[in-house]
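Everything on this sheet refers to the single structure shown next.
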Amino acid sequence: ELRRAGRVLHDDIASLLAVAGLRLQIANMDHPDAAERLAEIAEALEGVVIFVRQLSSEVEPTRVRRTGLKNALVDLTNHAAKNVAILVTLKYSVEAQVSQEAAEALYLATKAAVEDALAIQGLRKLTITASGLNKISVRVAHDQRGPASPTNLRTAQLLAQAAGISFEIAPGAGQTKKGTIEIGRAHV
């Protein structure tokens, strides 16, 4: 129901508001003497558009639910690559179907692990790998040793466990050795 409500807000209501904005622009061209009043209405309409976008995001807060796990991981990879001077890559070869809840937990855990890895000094390379035929396995690997953030990784672990997904940090708690973090395996 929340997904449907988010889709209606984003797709239907936002589209209707955009049409209303275009009609205001046309009215402004047809009636230049009313430009001041129409500008006030356009400003109020823009406030409603912002509110609908925020509400849509609150109802459907993650990219996973809107665009799927693959696209959410692509966005995460692109965002990380834009904000740091390192090579960030995604290897995605998932054929398994997984529930929305498990996909969202995998994404959020991956995001936490990526944020944790990006905080390590001297990092040059970060790879996110998602694969699986009957189950999904997600790994975040990097080229440096560094302390793992207990808060980020504990959050990731709790998210994964809540969705019934295993979560491992290799080789040991608190340290990543040429950093591989096994985010989880979601059985389908």
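Each chain in the structure tokens gets a letter, A, B and so on, in the order shown; residues start at 1 in every chain, and ligands are counted from 1 in the order they appear.
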Fewer than 4 positions away in the same chain doesn't count, so skip those; otherwise give me all residues within 9 Å of region 2-18 of chain A, counting only C-alpha atoms, as a PyMOL selection string.
-> chain A and resi 22-23+45-46+48-49+52-53+55-60+65-66
Convert the current residue selection to file output with all heavy atoms, as a compact mmCIF listing (two decimals), in the first residue's frame.
# COMPACT_ATOMS: atom_id res chain seq x y z
N LEU A 22 2.40 24.55 -15.99
CA LEU A 22 2.45 24.95 -17.41
C LEU A 22 1.26 25.84 -17.77
O LEU A 22 1.41 26.83 -18.50
CB LEU A 22 2.47 23.72 -18.30
CG LEU A 22 3.76 22.89 -18.26
CD1 LEU A 22 3.60 21.60 -19.06
CD2 LEU A 22 4.93 23.71 -18.81
N ARG A 23 0.11 25.51 -17.26
CA ARG A 23 -1.09 26.34 -17.53
C ARG A 23 -0.92 27.73 -16.92
O ARG A 23 -1.39 28.72 -17.50
CB ARG A 23 -2.33 25.65 -17.01
CG ARG A 23 -2.68 24.45 -17.88
CD ARG A 23 -4.00 23.87 -17.50
NE ARG A 23 -4.26 22.73 -18.38
CZ ARG A 23 -5.43 22.18 -18.52
NH1 ARG A 23 -6.46 22.63 -17.86
NH2 ARG A 23 -5.57 21.16 -19.33
N LEU A 45 2.26 26.99 -5.77
CA LEU A 45 2.27 25.68 -6.44
C LEU A 45 3.62 25.00 -6.29
O LEU A 45 3.70 23.80 -6.04
CB LEU A 45 1.90 25.85 -7.92
CG LEU A 45 1.80 24.57 -8.74
CD1 LEU A 45 0.69 23.68 -8.21
CD2 LEU A 45 1.56 24.90 -10.20
N GLU A 46 4.70 25.76 -6.40
CA GLU A 46 6.04 25.19 -6.22
C GLU A 46 6.21 24.64 -4.81
O GLU A 46 6.81 23.59 -4.61
CB GLU A 46 7.12 26.24 -6.52
CG GLU A 46 8.53 25.71 -6.39
CD GLU A 46 8.84 24.55 -7.34
OE1 GLU A 46 8.25 24.46 -8.43
OE2 GLU A 46 9.69 23.71 -6.96
N VAL A 48 3.82 23.36 -3.02
CA VAL A 48 3.06 22.11 -3.00
C VAL A 48 3.87 21.00 -3.67
O VAL A 48 3.91 19.87 -3.18
CB VAL A 48 1.68 22.29 -3.68
CG1 VAL A 48 0.98 20.95 -3.85
CG2 VAL A 48 0.82 23.25 -2.88
N VAL A 49 4.53 21.31 -4.78
CA VAL A 49 5.36 20.32 -5.47
C VAL A 49 6.47 19.81 -4.55
O VAL A 49 6.71 18.60 -4.46
CB VAL A 49 5.96 20.91 -6.78
CG1 VAL A 49 7.03 20.00 -7.35
CG2 VAL A 49 4.86 21.16 -7.80
N VAL A 52 4.92 17.50 -1.95
CA VAL A 52 4.56 16.19 -2.52
C VAL A 52 5.80 15.33 -2.72
O VAL A 52 5.79 14.14 -2.44
CB VAL A 52 3.76 16.36 -3.83
CG1 VAL A 52 3.66 15.05 -4.60
CG2 VAL A 52 2.37 16.90 -3.54
N ARG A 53 6.89 15.93 -3.18
CA ARG A 53 8.14 15.17 -3.34
C ARG A 53 8.64 14.64 -2.00
O ARG A 53 9.07 13.49 -1.89
CB ARG A 53 9.21 16.04 -3.99
CG ARG A 53 9.00 16.26 -5.45
CD ARG A 53 10.13 17.08 -6.05
NE ARG A 53 9.83 17.41 -7.43
CZ ARG A 53 10.22 18.51 -8.03
NH1 ARG A 53 10.94 19.40 -7.37
NH2 ARG A 53 9.90 18.73 -9.28
N LEU A 55 6.85 14.11 0.72
CA LEU A 55 5.91 13.10 1.18
C LEU A 55 6.12 11.79 0.44
O LEU A 55 6.12 10.71 1.04
CB LEU A 55 4.47 13.60 1.01
CG LEU A 55 3.37 12.73 1.57
CD1 LEU A 55 3.56 12.50 3.06
CD2 LEU A 55 2.01 13.37 1.29
N SER A 56 6.34 11.88 -0.86
CA SER A 56 6.61 10.69 -1.66
C SER A 56 7.86 9.97 -1.17
O SER A 56 7.89 8.75 -1.05
CB SER A 56 6.76 11.07 -3.13
OG SER A 56 7.14 9.96 -3.91
N SER A 57 8.90 10.73 -0.84
CA SER A 57 10.14 10.14 -0.32
C SER A 57 9.94 9.50 1.04
O SER A 57 10.53 8.46 1.33
CB SER A 57 11.23 11.19 -0.22
OG SER A 57 11.64 11.59 -1.50
N GLU A 58 9.12 10.11 1.88
CA GLU A 58 8.86 9.54 3.20
C GLU A 58 8.06 8.24 3.11
O GLU A 58 8.30 7.31 3.86
CB GLU A 58 8.12 10.55 4.08
CG GLU A 58 8.98 11.70 4.52
CD GLU A 58 8.19 12.78 5.24
OE1 GLU A 58 7.06 12.52 5.67
OE2 GLU A 58 8.72 13.90 5.36
N VAL A 59 7.13 8.21 2.19
CA VAL A 59 6.30 7.01 2.02
C VAL A 59 7.13 5.89 1.40
O VAL A 59 7.00 4.73 1.75
CB VAL A 59 5.06 7.33 1.14
CG1 VAL A 59 4.32 6.07 0.76
CG2 VAL A 59 4.14 8.28 1.87
N GLU A 60 8.00 6.23 0.48
CA GLU A 60 8.82 5.27 -0.25
C GLU A 60 10.26 5.75 -0.15
O GLU A 60 10.80 6.32 -1.09
CB GLU A 60 8.34 5.24 -1.70
CG GLU A 60 8.89 4.13 -2.53
CD GLU A 60 8.37 2.79 -2.10
OE1 GLU A 60 7.18 2.58 -2.04
OE2 GLU A 60 9.22 1.93 -1.84
N ARG A 65 13.17 0.38 -3.43
CA ARG A 65 11.74 0.17 -3.66
C ARG A 65 11.26 0.90 -4.92
O ARG A 65 10.32 0.47 -5.55
CB ARG A 65 10.93 0.61 -2.45
CG ARG A 65 11.14 -0.33 -1.27
CD ARG A 65 10.17 -0.02 -0.16
NE ARG A 65 10.42 -0.83 1.00
CZ ARG A 65 9.77 -1.95 1.27
NH1 ARG A 65 8.86 -2.39 0.46
NH2 ARG A 65 10.05 -2.63 2.35
N ARG A 66 11.90 2.00 -5.25
CA ARG A 66 11.47 2.74 -6.44
C ARG A 66 12.06 2.16 -7.72
O ARG A 66 11.38 2.12 -8.74
CB ARG A 66 11.88 4.22 -6.32
CG ARG A 66 11.02 5.00 -5.36
CD ARG A 66 11.24 6.50 -5.49
NE ARG A 66 12.59 6.93 -5.23
CZ ARG A 66 13.03 7.33 -4.05
NH1 ARG A 66 12.23 7.33 -3.01
NH2 ARG A 66 14.27 7.72 -3.90
In Å, how far is it from CA of Tyr107 (chain A) to CA of Val84 (chain A)?
->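 These two atoms are separated by 19.9 Å.
Those residues in region 48-161 of chain A carrying a DSSP assignment of strand (DSSP E or B), computed from the backbone, are Leu87, Val88, Thr89, Leu90, Lys91, Tyr92, Ser93, Val94, Lys125, Leu126, Thr127, Ile128, Thr129, Ala130, Ser131, Gly132, Lys135, Ile136, Ser137, Val138, Arg139, Val140, Ala141, His142, Gly146 and Pro147 of chain A.
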Expected file contents, prior selection, N, CA, C and O atoms, as a CSV table (one decimal), in the first residue's frame:
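Dumped everything to again.csv:
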chain,number,residue,atom,x,y,z
A,87,LEU,N,38.9,4.9,-7.4
A,87,LEU,CA,38.1,4.1,-8.4
A,87,LEU,C,37.1,3.3,-7.7
A,87,LEU,O,37.4,2.5,-6.8
A,88,VAL,N,35.8,3.5,-8.0
A,88,VAL,CA,34.7,2.8,-7.4
A,88,VAL,C,34.0,2.1,-8.5
A,88,VAL,O,33.6,2.7,-9.5
A,89,THR,N,33.9,0.7,-8.3
A,89,THR,CA,33.2,-0.1,-9.4
A,89,THR,C,32.1,-1.0,-8.8
A,89,THR,O,32.2,-1.3,-7.6
A,90,LEU,N,31.2,-1.3,-9.6
A,90,LEU,CA,30.1,-2.3,-9.3
A,90,LEU,C,30.2,-3.4,-10.3
A,90,LEU,O,30.2,-3.2,-11.5
A,91,LYS,N,30.2,-4.6,-9.7
A,91,LYS,CA,30.0,-5.8,-10.5
A,91,LYS,C,28.7,-6.5,-10.1
A,91,LYS,O,28.6,-6.9,-9.0
A,92,TYR,N,27.8,-6.5,-11.1
A,92,TYR,CA,26.4,-7.0,-10.7
A,92,TYR,C,26.0,-8.1,-11.7
A,92,TYR,O,26.0,-8.0,-12.9
A,93,SER,N,25.8,-9.3,-11.1
A,93,SER,CA,25.4,-10.5,-11.9
A,93,SER,C,24.4,-11.3,-11.1
A,93,SER,O,24.6,-12.4,-10.7
A,94,VAL,N,23.2,-10.7,-10.7
A,94,VAL,CA,22.2,-11.3,-9.9
A,94,VAL,C,21.1,-11.8,-10.8
A,94,VAL,O,20.6,-11.0,-11.6
A,125,LYS,N,40.9,2.1,-4.2
A,125,LYS,CA,40.0,1.2,-5.0
A,125,LYS,C,38.9,0.6,-4.1
A,125,LYS,O,39.2,0.1,-3.0
A,126,LEU,N,37.7,0.7,-4.6
A,126,LEU,CA,36.6,0.1,-3.8
A,126,LEU,C,35.7,-0.6,-4.9
A,126,LEU,O,35.3,0.0,-5.9
A,127,THR,N,35.3,-1.9,-4.6
A,127,THR,CA,34.5,-2.7,-5.5
A,127,THR,C,33.3,-3.2,-4.7
A,127,THR,O,33.5,-3.8,-3.7
A,128,ILE,N,32.2,-3.0,-5.3
A,128,ILE,CA,30.9,-3.6,-4.8
A,128,ILE,C,30.6,-4.7,-5.8
A,128,ILE,O,30.5,-4.5,-7.0
A,129,THR,N,30.4,-5.9,-5.2
A,129,THR,CA,30.1,-7.1,-6.0
A,129,THR,C,28.8,-7.7,-5.5
A,129,THR,O,28.6,-8.0,-4.4
A,130,ALA,N,27.8,-7.8,-6.4
A,130,ALA,CA,26.5,-8.5,-6.1
A,130,ALA,C,26.3,-9.6,-7.1
A,130,ALA,O,26.4,-9.4,-8.3
A,131,SER,N,26.1,-10.8,-6.6
A,131,SER,CA,26.0,-11.9,-7.5
A,131,SER,C,25.1,-13.0,-6.9
A,131,SER,O,24.8,-13.0,-5.7
A,132,GLY,N,24.6,-13.9,-7.8
A,132,GLY,CA,23.9,-15.0,-7.3
A,132,GLY,C,22.8,-15.5,-8.2
A,132,GLY,O,22.2,-14.8,-9.0
A,135,LYS,N,20.6,-17.4,-4.6
A,135,LYS,CA,20.7,-16.5,-3.5
A,135,LYS,C,21.6,-15.3,-3.9
A,135,LYS,O,22.4,-15.4,-4.8
A,136,ILE,N,21.5,-14.2,-3.2
A,136,ILE,CA,22.3,-13.1,-3.5
A,136,ILE,C,23.4,-12.9,-2.5
A,136,ILE,O,23.1,-13.0,-1.3
A,137,SER,N,24.6,-12.7,-3.0
A,137,SER,CA,25.7,-12.4,-2.1
A,137,SER,C,26.2,-11.0,-2.5
A,137,SER,O,26.4,-10.7,-3.7
A,138,VAL,N,26.4,-10.1,-1.5
A,138,VAL,CA,26.9,-8.8,-1.8
A,138,VAL,C,28.2,-8.6,-1.0
A,138,VAL,O,28.3,-8.9,0.2
A,139,ARG,N,29.2,-8.1,-1.6
A,139,ARG,CA,30.5,-7.9,-1.0
A,139,ARG,C,31.0,-6.5,-1.3
A,139,ARG,O,30.8,-6.0,-2.4
A,140,VAL,N,31.6,-5.9,-0.3
A,140,VAL,CA,32.3,-4.6,-0.5
A,140,VAL,C,33.8,-4.8,-0.2
A,140,VAL,O,34.1,-5.3,0.9
A,141,ALA,N,34.6,-4.6,-1.2
A,141,ALA,CA,36.1,-4.9,-1.0
A,141,ALA,C,36.8,-3.6,-1.4
A,141,ALA,O,36.5,-2.9,-2.3
A,142,HIS,N,38.0,-3.4,-0.7
A,142,HIS,CA,38.8,-2.3,-1.0
A,142,HIS,C,40.3,-2.7,-0.8
A,142,HIS,O,40.6,-3.8,-0.4
A,146,GLY,N,42.3,-1.0,7.4
A,146,GLY,CA,41.8,0.1,8.2
A,146,GLY,C,40.7,-0.3,9.2
A,146,GLY,O,40.1,-1.3,9.0
A,147,PRO,N,40.6,0.5,10.2
A,147,PRO,CA,39.6,0.1,11.2
A,147,PRO,C,38.2,0.3,10.7
A,147,PRO,O,37.9,1.2,10.0
Could you check which of A:Val98, A:Ile120, A:Val114, A:Ala103 is closest to Ala72 (chain A), using only C-alpha atoms?
->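 The closest residue to Ala72 (chain A) is A:Ala103.
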Among A:Ala81, A:Asn134, A:Gly122, A:Val74, Thr110 (chain A) is approached most closely, using only C-alpha atoms, by A:Val74
Exercise: Ala35 (chain A) partners within 10 Å, only C-alpha atoms, chain neighbours under 6 positions left out, as a list of chain:residue names = A:Leu24, A:Gln25, A:Ala27, A:Asn28, A:Met29, A:Ile41
Store the residues picked out above in a file with all heavy atoms, as a PDB file, in the first residue's frame.
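Produced file result_33.pdb, reproduced below:
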ATOM      1  N   LEU A  24      -0.282  27.824 -15.783  1.00  0.00           N
ATOM      2  CA  LEU A  24      -0.007  29.139 -15.198  1.00  0.00           C
ATOM      3  C   LEU A  24       0.923  29.952 -16.093  1.00  0.00           C
ATOM      4  O   LEU A  24       0.740  31.162 -16.262  1.00  0.00           O
ATOM      5  CB  LEU A  24       0.611  28.992 -13.810  1.00  0.00           C
ATOM      6  CG  LEU A  24      -0.341  28.819 -12.637  1.00  0.00           C
ATOM      7  CD1 LEU A  24       0.433  28.526 -11.359  1.00  0.00           C
ATOM      8  CD2 LEU A  24      -1.207  30.051 -12.461  1.00  0.00           C
ATOM      9  N   GLN A  25       1.915  29.303 -16.666  1.00  0.00           N
ATOM     10  CA  GLN A  25       2.828  30.001 -17.577  1.00  0.00           C
ATOM     11  C   GLN A  25       2.092  30.510 -18.810  1.00  0.00           C
ATOM     12  O   GLN A  25       2.326  31.638 -19.263  1.00  0.00           O
ATOM     13  CB  GLN A  25       3.976  29.076 -17.984  1.00  0.00           C
ATOM     14  CG  GLN A  25       4.959  28.809 -16.878  1.00  0.00           C
ATOM     15  CD  GLN A  25       6.056  27.832 -17.297  1.00  0.00           C
ATOM     16  OE1 GLN A  25       6.068  27.329 -18.418  1.00  0.00           O
ATOM     17  NE2 GLN A  25       6.981  27.574 -16.388  1.00  0.00           N
ATOM     18  N   ALA A  27      -1.146  31.176 -18.953  1.00  0.00           N
ATOM     19  CA  ALA A  27      -2.015  32.259 -18.482  1.00  0.00           C
ATOM     20  C   ALA A  27      -1.216  33.543 -18.302  1.00  0.00           C
ATOM     21  O   ALA A  27      -1.715  34.645 -18.602  1.00  0.00           O
ATOM     22  CB  ALA A  27      -2.695  31.865 -17.178  1.00  0.00           C
ATOM     23  N   ASN A  28      -0.008  33.444 -17.844  1.00  0.00           N
ATOM     24  CA  ASN A  28       0.860  34.605 -17.666  1.00  0.00           C
ATOM     25  C   ASN A  28       1.146  35.272 -19.014  1.00  0.00           C
ATOM     26  O   ASN A  28       1.160  36.497 -19.110  1.00  0.00           O
ATOM     27  CB  ASN A  28       2.158  34.192 -16.976  1.00  0.00           C
ATOM     28  CG  ASN A  28       2.968  35.369 -16.508  1.00  0.00           C
ATOM     29  OD1 ASN A  28       2.443  36.452 -16.275  1.00  0.00           O
ATOM     30  ND2 ASN A  28       4.258  35.155 -16.348  1.00  0.00           N
ATOM     31  N   MET A  29       1.378  34.464 -20.069  1.00  0.00           N
ATOM     32  CA  MET A  29       1.626  35.026 -21.400  1.00  0.00           C
ATOM     33  C   MET A  29       0.352  35.662 -21.973  1.00  0.00           C
ATOM     34  O   MET A  29       0.419  36.687 -22.645  1.00  0.00           O
ATOM     35  CB  MET A  29       2.148  33.939 -22.347  1.00  0.00           C
ATOM     36  CG  MET A  29       3.550  33.483 -22.011  1.00  0.00           C
ATOM     37  SD  MET A  29       4.290  32.360 -23.218  1.00  0.00           S
ATOM     38  CE  MET A  29       3.256  30.915 -23.046  1.00  0.00           C
ATOM     39  N   ILE A  41       0.673  32.620  -7.298  1.00  0.00           N
ATOM     40  CA  ILE A  41       0.081  31.287  -7.414  1.00  0.00           C
ATOM     41  C   ILE A  41       1.156  30.265  -7.791  1.00  0.00           C
ATOM     42  O   ILE A  41       1.200  29.161  -7.239  1.00  0.00           O
ATOM     43  CB  ILE A  41      -1.081  31.292  -8.441  1.00  0.00           C
ATOM     44  CG1 ILE A  41      -2.217  32.177  -7.933  1.00  0.00           C
ATOM     45  CG2 ILE A  41      -1.573  29.874  -8.700  1.00  0.00           C
ATOM     46  CD1 ILE A  41      -3.288  32.466  -8.975  1.00  0.00           C
TER      47      ILE A  41
END
Give the answer as one residue: which of A:Ala34, A:Ala156, A:Ile26, A:Ala96 has the shortest atom-to-atom distance to Glu115 (chain A), using only C-alpha atoms?
->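 Closest to Glu115 (chain A), using only C-alpha atoms: A:Ala156.
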